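Only one structure is covered here, and it is reproduced in the block below.
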Amino acid sequence: MNDKEKSDAFPSTKGKLDFQYSVFAAGVHTKMIAGFSTTGDHSIGELSHFPHIMSQTLDLAPQMDEMLGDSLYSNRKMCSITRGYGMDLYFLPKTNASFRSKGMIMESNAVSFHG
């Protein structure tokens, strides 16, 4: 195989099969990709792409005010980053999420703390 054929060849998948982490933001109404990031470095997690994606997205769609995500993004850090751009984040709940109340409504004068 000459150099030209080697440069045009599809990358070999012999040995360990590799994969890419790819993250993108797409418009719900426009269906257009507004931000994209990908890497083959497995030491970089998917969530670490989020701040860069948010920046790209707002550069291309500055009127955007809501971000949708899957359950991976349902944490305080992602909500904080999104809120920092003036957007609301809506995401699917995690699979172990319970919609039951973890407390009860109480009258404000029913409980008092003395220190």
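Each chain of the structure tokens is named A, B, ... in the order shown, its residues numbered from 1; ligands are numbered from 1 in display order.
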
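For region 60-95 of chain A, the set of residues given alpha helix (DSSP H) by DSSP on the backbone reads Leu60, Arg76, Lys77, Met78, Cys79, Ser80, Ile81, Thr82, Arg83 and Gly84 of chain A.
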
Write out the residues from the selection above, keeping N, CA and C atoms, as an mmCIF file, in the first residue's frame.
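Saved result, out-v6.cif, follows:
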data_model
loop_
_atom_site.group_PDB
_atom_site.id
_atom_site.type_symbol
_atom_site.label_atom_id
_atom_site.label_comp_id
_atom_site.auth_asym_id
_atom_site.auth_seq_id
_atom_site.Cartn_x
_atom_site.Cartn_y
_atom_site.Cartn_z
ATOM 1 N N LEU A 60 -24.392 30.584 19.091
ATOM 2 C CA LEU A 60 -25.172 30.358 17.872
ATOM 3 C C LEU A 60 -26.673 30.582 18.059
ATOM 4 N N ARG A 76 -26.753 19.193 40.627
ATOM 5 C CA ARG A 76 -26.653 20.618 40.968
ATOM 6 C C ARG A 76 -25.645 21.371 40.103
ATOM 7 N N LYS A 77 -24.514 20.729 39.778
ATOM 8 C CA LYS A 77 -23.479 21.411 38.997
ATOM 9 C C LYS A 77 -24.005 21.791 37.607
ATOM 10 N N MET A 78 -24.688 20.868 36.939
ATOM 11 C CA MET A 78 -25.211 21.154 35.601
ATOM 12 C C MET A 78 -26.301 22.225 35.667
ATOM 13 N N CYS A 79 -27.141 22.151 36.699
ATOM 14 C CA CYS A 79 -28.176 23.181 36.869
ATOM 15 C C CYS A 79 -27.543 24.542 37.098
ATOM 16 N N SER A 80 -26.481 24.582 37.883
ATOM 17 C CA SER A 80 -25.782 25.835 38.176
ATOM 18 C C SER A 80 -25.134 26.422 36.921
ATOM 19 N N ILE A 81 -24.489 25.581 36.130
ATOM 20 C CA ILE A 81 -23.858 26.045 34.896
ATOM 21 C C ILE A 81 -24.918 26.615 33.952
ATOM 22 N N THR A 82 -26.005 25.886 33.789
ATOM 23 C CA THR A 82 -27.072 26.328 32.890
ATOM 24 C C THR A 82 -27.689 27.632 33.386
ATOM 25 N N ARG A 83 -27.936 27.721 34.675
ATOM 26 C CA ARG A 83 -28.520 28.928 35.262
ATOM 27 C C ARG A 83 -27.573 30.115 35.098
ATOM 28 N N GLY A 84 -26.261 29.864 35.130
ATOM 29 C CA GLY A 84 -25.278 30.924 34.936
ATOM 30 C C GLY A 84 -25.372 31.567 33.560
#

Could you tell me which of A:Gly69, A:Gly45, A:Pro62, A:Gly40 comes closest to Ala25 (chain A) if we count only C-alpha atoms?
->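 Of all the options, A:Gly69 lies closest to Ala25 (chain A).
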
Residue neighbourhood Tyr90 (chain A), 10 Å, only C-alpha atoms, exclusion window fewer than 6 positions, as a list in words = Glu66, Met67, Leu68, Gly69, Asp70, Ser71, Tyr73, Ser74 and Cys79 of chain A

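All residues of protein, DNA or RNA that reach within 10 Å of region 26-28 of chain A, judged by only C-alpha atoms and not counting those fewer than 2 positions away in the chain, are Phe24, Thr30, Lys31, Met32, Ile33, Ala34, Gly35, Phe36, Thr57, Ala61, Met64, Glu66, Met67 and Leu68 of chain A.
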
Residues as selected, N, CA and C atoms, written as a compact mmCIF listing (two decimals), in the first residue's frame, can you do that?
# COMPACT_ATOMS: atom_id res chain seq x y z
N PHE A 24 -23.59 16.88 22.09
CA PHE A 24 -24.04 18.00 21.28
C PHE A 24 -25.33 18.59 21.82
N THR A 30 -35.81 23.88 15.98
CA THR A 30 -35.08 24.04 14.72
C THR A 30 -34.45 22.75 14.23
N LYS A 31 -34.18 21.80 15.14
CA LYS A 31 -33.51 20.52 14.83
C LYS A 31 -32.09 20.73 14.28
N MET A 32 -31.49 21.86 14.61
CA MET A 32 -30.13 22.16 14.15
C MET A 32 -29.16 22.03 15.32
N ILE A 33 -27.99 21.49 15.03
CA ILE A 33 -26.95 21.34 16.06
C ILE A 33 -26.35 22.72 16.34
N ALA A 34 -26.33 23.10 17.62
CA ALA A 34 -25.82 24.40 18.01
C ALA A 34 -24.49 24.31 18.74
N GLY A 35 -24.14 23.16 19.25
CA GLY A 35 -22.87 22.97 19.94
C GLY A 35 -22.45 21.52 19.82
N PHE A 36 -21.15 21.28 19.67
CA PHE A 36 -20.68 19.91 19.48
C PHE A 36 -19.27 19.76 20.05
N THR A 57 -23.40 26.85 22.16
CA THR A 57 -24.84 26.93 21.90
C THR A 57 -25.34 28.36 22.01
N ALA A 61 -27.14 30.50 19.28
CA ALA A 61 -28.58 30.68 19.55
C ALA A 61 -28.76 31.51 20.82
N MET A 64 -31.97 31.46 23.11
CA MET A 64 -32.37 30.23 23.79
C MET A 64 -32.50 30.47 25.29
N GLU A 66 -34.11 27.76 27.37
CA GLU A 66 -34.32 26.46 28.01
C GLU A 66 -33.38 25.43 27.42
N MET A 67 -32.86 24.54 28.27
CA MET A 67 -31.99 23.45 27.84
C MET A 67 -32.62 22.15 28.31
N LEU A 68 -32.68 21.17 27.43
CA LEU A 68 -33.23 19.86 27.78
C LEU A 68 -32.08 18.86 27.90

Which residue of A:Gln20, A:Gly86, A:Leu72, A:Thr95 approaches Leu47 (chain A) most closely, using only C-alpha atoms |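 Smallest separation from Leu47 (chain A) among the options: A:Leu72.
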
Any idea what's packed within 9 Å of Thr39 (chain A), counting only C-alpha atoms, ignoring anything in its chain fewer than 5 positions away? Could you give it as number ranges by chain?
-> A: 19-22, 44

Any chance you can output those residues with C-alpha atoms as a PDB file, in the first residue's frame?
ATOM      1  CA  PHE A  19     -15.266   4.686  20.863  1.00  0.00           C
ATOM      2  CA  GLN A  20     -15.720   8.442  20.984  1.00  0.00           C
ATOM      3  CA  TYR A  21     -17.408  10.554  23.627  1.00  0.00           C
ATOM      4  CA  SER A  22     -19.603  12.925  21.635  1.00  0.00           C
ATOM      5  CA  ILE A  44     -12.444  12.857  29.958  1.00  0.00           C
TER       6      ILE A  44
END

Go through region 35-77 of chain A and collect every residue that DSSP, computed from the backbone, puts in strand (DSSP E); the answer should be as a ChimeraX atom specification.
-> /A:35-39,66-69
